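I have placed the structure first, in the form of structure tokens, so that the comments after it can refer back to it.
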Amino acid sequence: MKKEIINLNNIGKVYSLGQVEVSVLKGINLSITTGEHLSIMGPSGSGKTTMLNILGCLDKPTEGEYLMEEKKISTLSDEELSEIRSRKIGFVFQTFNLIPQLTVLENIGIPLFYQGIDESVIQDKALELAKLVGLAARIKHRPSELSGGERQRVAIARALINQPILILADEPTGNLDSETGKEIMSLLIHLNEEGKTLVVITHDPKIADQSKRIIRILDGKIIDEN
Amino acid sequence: MKINISHILRIIRFGGKNLWLHKLRSFLTMLGIVFGVASVIAMLAIGEGASFEAREKIKELGSNNIIIRSVKPPDANTAQRAMLNVYGLTSSDFRKIESIPSIANIVSTWEAQEEIWYLNKSTPGRIVGATPDYAETTNMRVEKGGRFLNEVDMDRSKSVVVVGSSIKNTLFAGVNPIGKDIKVKSNYFTVIGVVEAKIFSKGTESFAAEDINFDVYLPLSTARGFFGEIILIRNNFWDRTWVEFHRFIVRVEDSNKIVTTSALINKILESTHKKPDFEILVPLELLKQAEHTKKIFSIVLGSIAAISLIVGGIGIMNIMLATVTERTREIGIRRALGAKRRDIIYQFVTEAVILSASGGFVGVILGVIIPKIVSKFAGMATIVTLWSVLLAFFISVAVGLTFGIYPARKAALLDPIEALRYE
């Protein structure tokens, strides 16, 4: 029996823009267990980014209940959410989101930096992960000196360093050419096979098809799941 | 989050790195603080130096002393041209003042500007006819190997002199002056002592500064013997003056009675002197005035300097606000990866403090150098005190903290989702 790590129960999100209230997510129910590879698909404006923000604890739902490892997330403070992001979640973004003035090694180490872990420990772990993603030779380089694929590898290494229970990848191949995109996907899938829980948000069916489970979102609702 | 030294050091190191990326911008931002701190230290050093000189001068006059000087009345030259000008302190004044009970001691002098000769060298100096207790009353010390005038010199009207240190330096370079004879107006006097050098600077004219290092002391009785009971000084062909005593120095044992005693002296002298031909100096009063002046001086200078520090702080705030906007996305990334609001605050406040503290550091260096240059070229005494350096430095750090907090808070309050999307 796989352990359930995420449970969304009737999640809704309403943005109020002045007088107007915009309902972005409605009645989302979702359960994610360890080791899953899940894709969330939907066109732009469907609410998948909001979904990602809520799953990633960057945003709080306005309705429903979010349980992560049986812990209620919906009511946590900003500080507690930061703590959860720092310890439980690994983000991979479409635009890589590396910090330009830091080296590869320093970028990989950021999540641990905010856990207050000793620098030497961070460096060891970051180096280990740089090797894992095949960038051992480039640890002193800055993001601007790397190719797109290499940058995304750095981002993946960074997403792994805090040993998250969940890797959230938001269009991880969106800014890459198809060849490099394939490499990045196979790296992510490899990590999933090693036991990492992987959630990929994409509009690209080719990417979604590589996962075992696909959830389609349209107008803030789950319309299909297989 | 646990805070340890290595974590703090890393925050500082990363902050420094960020600033180093924009060297010119960081440097220009620092300048405001550099000038602020340097001017605080330099201005306080100049103020402190001026007041130190004043205090030294006053101490030299004797803080328990009252000095009464003969002054030429304003109408003396014009109304009585070509006649004998008679003014100043007299022996009758001396006796009256001597009888005031609060007075512990009174000495009198007669003085004249003369050319002092040794062999073929000469220098202008001041002849001071004095009594043996003059040295003690004026805190004067005689260099080793010599002595001051004594009762025997006085009683026998000996032709002996004690010379000031500048007289020794100009006339007796490399020669021990003791036992040598100097010549004044064709009279010879044997040097029996040299007075230890006293600090003299041009910066304190307000305190009746005569360079007493050019004084030549001889027994008052000797002065009378050589120059006559009534002394004629020919200032120029038309102007002749007669002065019996140039100075009385009165010592009051109880410093609480100085003010009342000087008032009493003033009253006594006013009753007999029809012309304003004397002035009374109370060093203690001058000292109080000097302290008061210093206070005002320090406040004014300090305020000017503080304004420049505030301007510097505003510069830092300005640049930090720009930095926060510029790095919105970085803030979003850091927040997504687990940075708490306070982590972001630490990061930006640290950068602001690094800017202001390094500005403060450079400012301290400049602030120590500038007074030295001022001393050298303007001839003013300057004293850089440790507390002014510490004060200025800590103010600069505080400025960084104060003006860094608002931009840092602004950064920390950014919505991470919005920040991540920022282009």
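Ordered as shown in the structure tokens, chains take letters A, B, and onward, while each chain numbers its residues from 1 and ligands are numbered from 1 in the order shown.
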
Which residues are close to B:Leu220, i.e. within 12 Å by only C-alpha atoms, leaving aside same-chain residues fewer than 3 positions away? Reply as an NGL selection string.
:B and (107-111 or 127-134 or 149-151 or 153-161 or 216-217 or 223-229 or 244-247)

Under the rule of at most 8 Å, produce a per-residue listing of chain B near chain A: chain, number, name, the closest pair of atoms, and the distance in Å, as a tab-separated table, using only C-alpha atoms.
residue	atom	partner	partner_atom	distance
B:Met1	CA	A:Gln115	CA	5.9
B:Lys2	CA	A:Gly116	CA	5.6
B:Ile3	CA	A:Gly116	CA	6.6
B:Asn4	CA	A:Gly116	CA	7.8
B:Ser6	CA	A:Asp118	CA	7.2
B:His7	CA	A:Gly116	CA	6.4
B:Asn18	CA	A:Gln101	CA	7.1
B:Leu21	CA	A:Gln101	CA	7.8
B:Glu330	CA	A:Ile99	CA	6.1
B:Ile333	CA	A:Asn97	CA	6.4
B:Arg334	CA	A:Ile110	CA	7.6
B:Arg335	CA	A:Ser82	CA	7.0
B:Ala336	CA	A:Arg85	CA	6.6
B:Leu337	CA	A:Pro111	CA	5.3
B:Gly338	CA	A:Ser86	CA	3.8
B:Ala339	CA	A:Tyr114	CA	5.6
B:Lys340	CA	A:Ser82	CA	5.5
B:Arg341	CA	A:Glu79	CA	7.2
B:Asp343	CA	A:Tyr114	CA	7.6
B:Pro416	CA	A:Leu58	CA	6.9
B:Ile417	CA	A:Leu58	CA	6.7

Keeping only C-alpha atoms, write those residues as a compact mmCIF listing (two decimals), in the first residue's frame.
# COMPACT_ATOMS: atom_id res chain seq x y z
CA MET B 1 15.71 28.43 11.48
CA LYS B 2 18.82 28.21 13.52
CA ILE B 3 21.07 31.20 13.35
CA ASN B 4 24.74 30.53 13.74
CA SER B 6 28.67 30.67 9.80
CA HIS B 7 25.16 31.37 8.53
CA ASN B 18 26.00 41.25 -4.75
CA LEU B 21 28.65 43.00 -8.90
CA GLU B 330 15.36 36.67 -7.28
CA ILE B 333 12.88 32.41 -6.33
CA ARG B 334 14.28 32.57 -2.84
CA ARG B 335 10.83 32.64 -1.30
CA ALA B 336 9.71 29.65 -3.41
CA LEU B 337 12.77 27.73 -2.28
CA GLY B 338 11.94 28.24 1.36
CA ALA B 339 13.25 31.68 2.36
CA LYS B 340 11.10 33.22 5.06
CA ARG B 341 10.23 36.89 5.08
CA ASP B 343 15.50 35.79 5.57
CA PRO B 416 6.22 35.22 -4.03
CA ILE B 417 3.91 34.27 -6.91

Extract the full set of alpha helix (DSSP H) residues from stretch 250-284 of chain B according to DSSP on the backbone, and format it as a ChimeraX atom specification.
/B:258-272,283-284

Which residues in stretch 31-101 of chain A does DSSP call strand (DSSP E)? List them as a ChimeraX atom specification.
/A:31-33,37-41,63-68,71-72,89-92

May I have the residues within 6 Å of B:Thr382 as a list in words, using only C-alpha atoms and disregarding those fewer than 5 positions away in the same chain?
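Contacts, with the query itself left out: Ala45, Ile46, Gly49 and Pro371 of chain B.
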
Write a file of the selected residues as a PDB file, in the first residue's frame, keeping C-alpha atoms.
ATOM      1  CA  ALA B  45      38.706  66.688  16.002  1.00  0.00           C
ATOM      2  CA  ILE B  46      39.031  70.346  15.081  1.00  0.00           C
ATOM      3  CA  GLY B  49      41.741  70.575  19.282  1.00  0.00           C
ATOM      4  CA  PRO B 371      42.593  66.655  10.774  1.00  0.00           C
TER       5      PRO B 371
END

So, with only C-alpha atoms as the atoms that count, which of B:Ile280, B:Ala112, B:Leu301, B:Leu391 lies closest to B:Lys185?
B:Ala112

Residues within 8 Å of B:Ala50, please, as a PyMOL selection string. Count only C-alpha atoms; anything in the same chain fewer than 2 positions from it doesn't count.
chain B and resi 46-48+52-54+203-204+380-382

Can you work out which one of B:Gly36, B:Gly164, B:Ala412, B:Val368 has the shortest atom-to-atom distance to B:Val311, counting only C-alpha atoms?
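That would be B:Gly36, the residue with the smallest distance to B:Val311.
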
Point-to-point distance in Å for atom CA of A:Thr202 and atom CA of A:Asn226
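Between atom CA of A:Asn226 and atom CA of A:Thr202 the gap works out to 15.6 Å.
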
Distance atom CA of B:Arg147-atom CA of B:Lys168, one decimal place?
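Separation between atom CA of B:Arg147 and atom CA of B:Lys168: 14.6 Å.
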
For A:Leu67, work out the shell of residues within 8 Å, counting only C-alpha atoms and skipping chain neighbours fewer than 2 positions away, then give it as an MDAnalysis selection string.
chainID A and resid 5:8 65 69:74

Can you work out the spacing between atom CA of A:Ile122 and atom CA of B:Arg329 in Å, to one decimal?
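It comes out at 23.4 Å.
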
Find the spatial neighbours of B:Ser166, counting only C-alpha atoms, within a cut-off of 8 Å - ignore same-chain residues fewer than 4 positions away - and output them as number ranges by chain.
B: 170, 197, 213-214

Include N, CA and C atoms and write out the residues we just selected as a compact mmCIF listing (two decimals), in the first residue's frame.
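Below is the file that was written, result-v7.txt:
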# COMPACT_ATOMS: atom_id res chain seq x y z
N THR B 170 66.84 79.91 19.90
CA THR B 170 67.29 80.81 18.83
C THR B 170 68.70 81.34 19.09
N ALA B 197 59.53 74.55 27.94
CA ALA B 197 58.67 75.05 26.86
C ALA B 197 57.19 74.91 27.22
N ASN B 213 57.36 81.80 25.56
CA ASN B 213 58.64 81.13 25.36
C ASN B 213 59.73 82.11 24.94
N PHE B 214 59.30 83.33 24.58
CA PHE B 214 60.28 84.37 24.23
C PHE B 214 60.51 85.35 25.38

Show me, as an MDAnalysis selection string, the residues that have an atom within 10 Å of B:Gly315 when counting only C-alpha atoms, minus same-chain residues fewer than 4 positions from it.
chainID B and resid 28:33 309:311 319:321 403

Pick from A:Lys48, A:Asn9, A:Gln163, A:Ile40, whichever lies nearest to A:Ile28 using only C-alpha atoms:
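Among A:Lys48, A:Asn9, A:Gln163, A:Ile40, it is A:Asn9 that comes nearest to A:Ile28.
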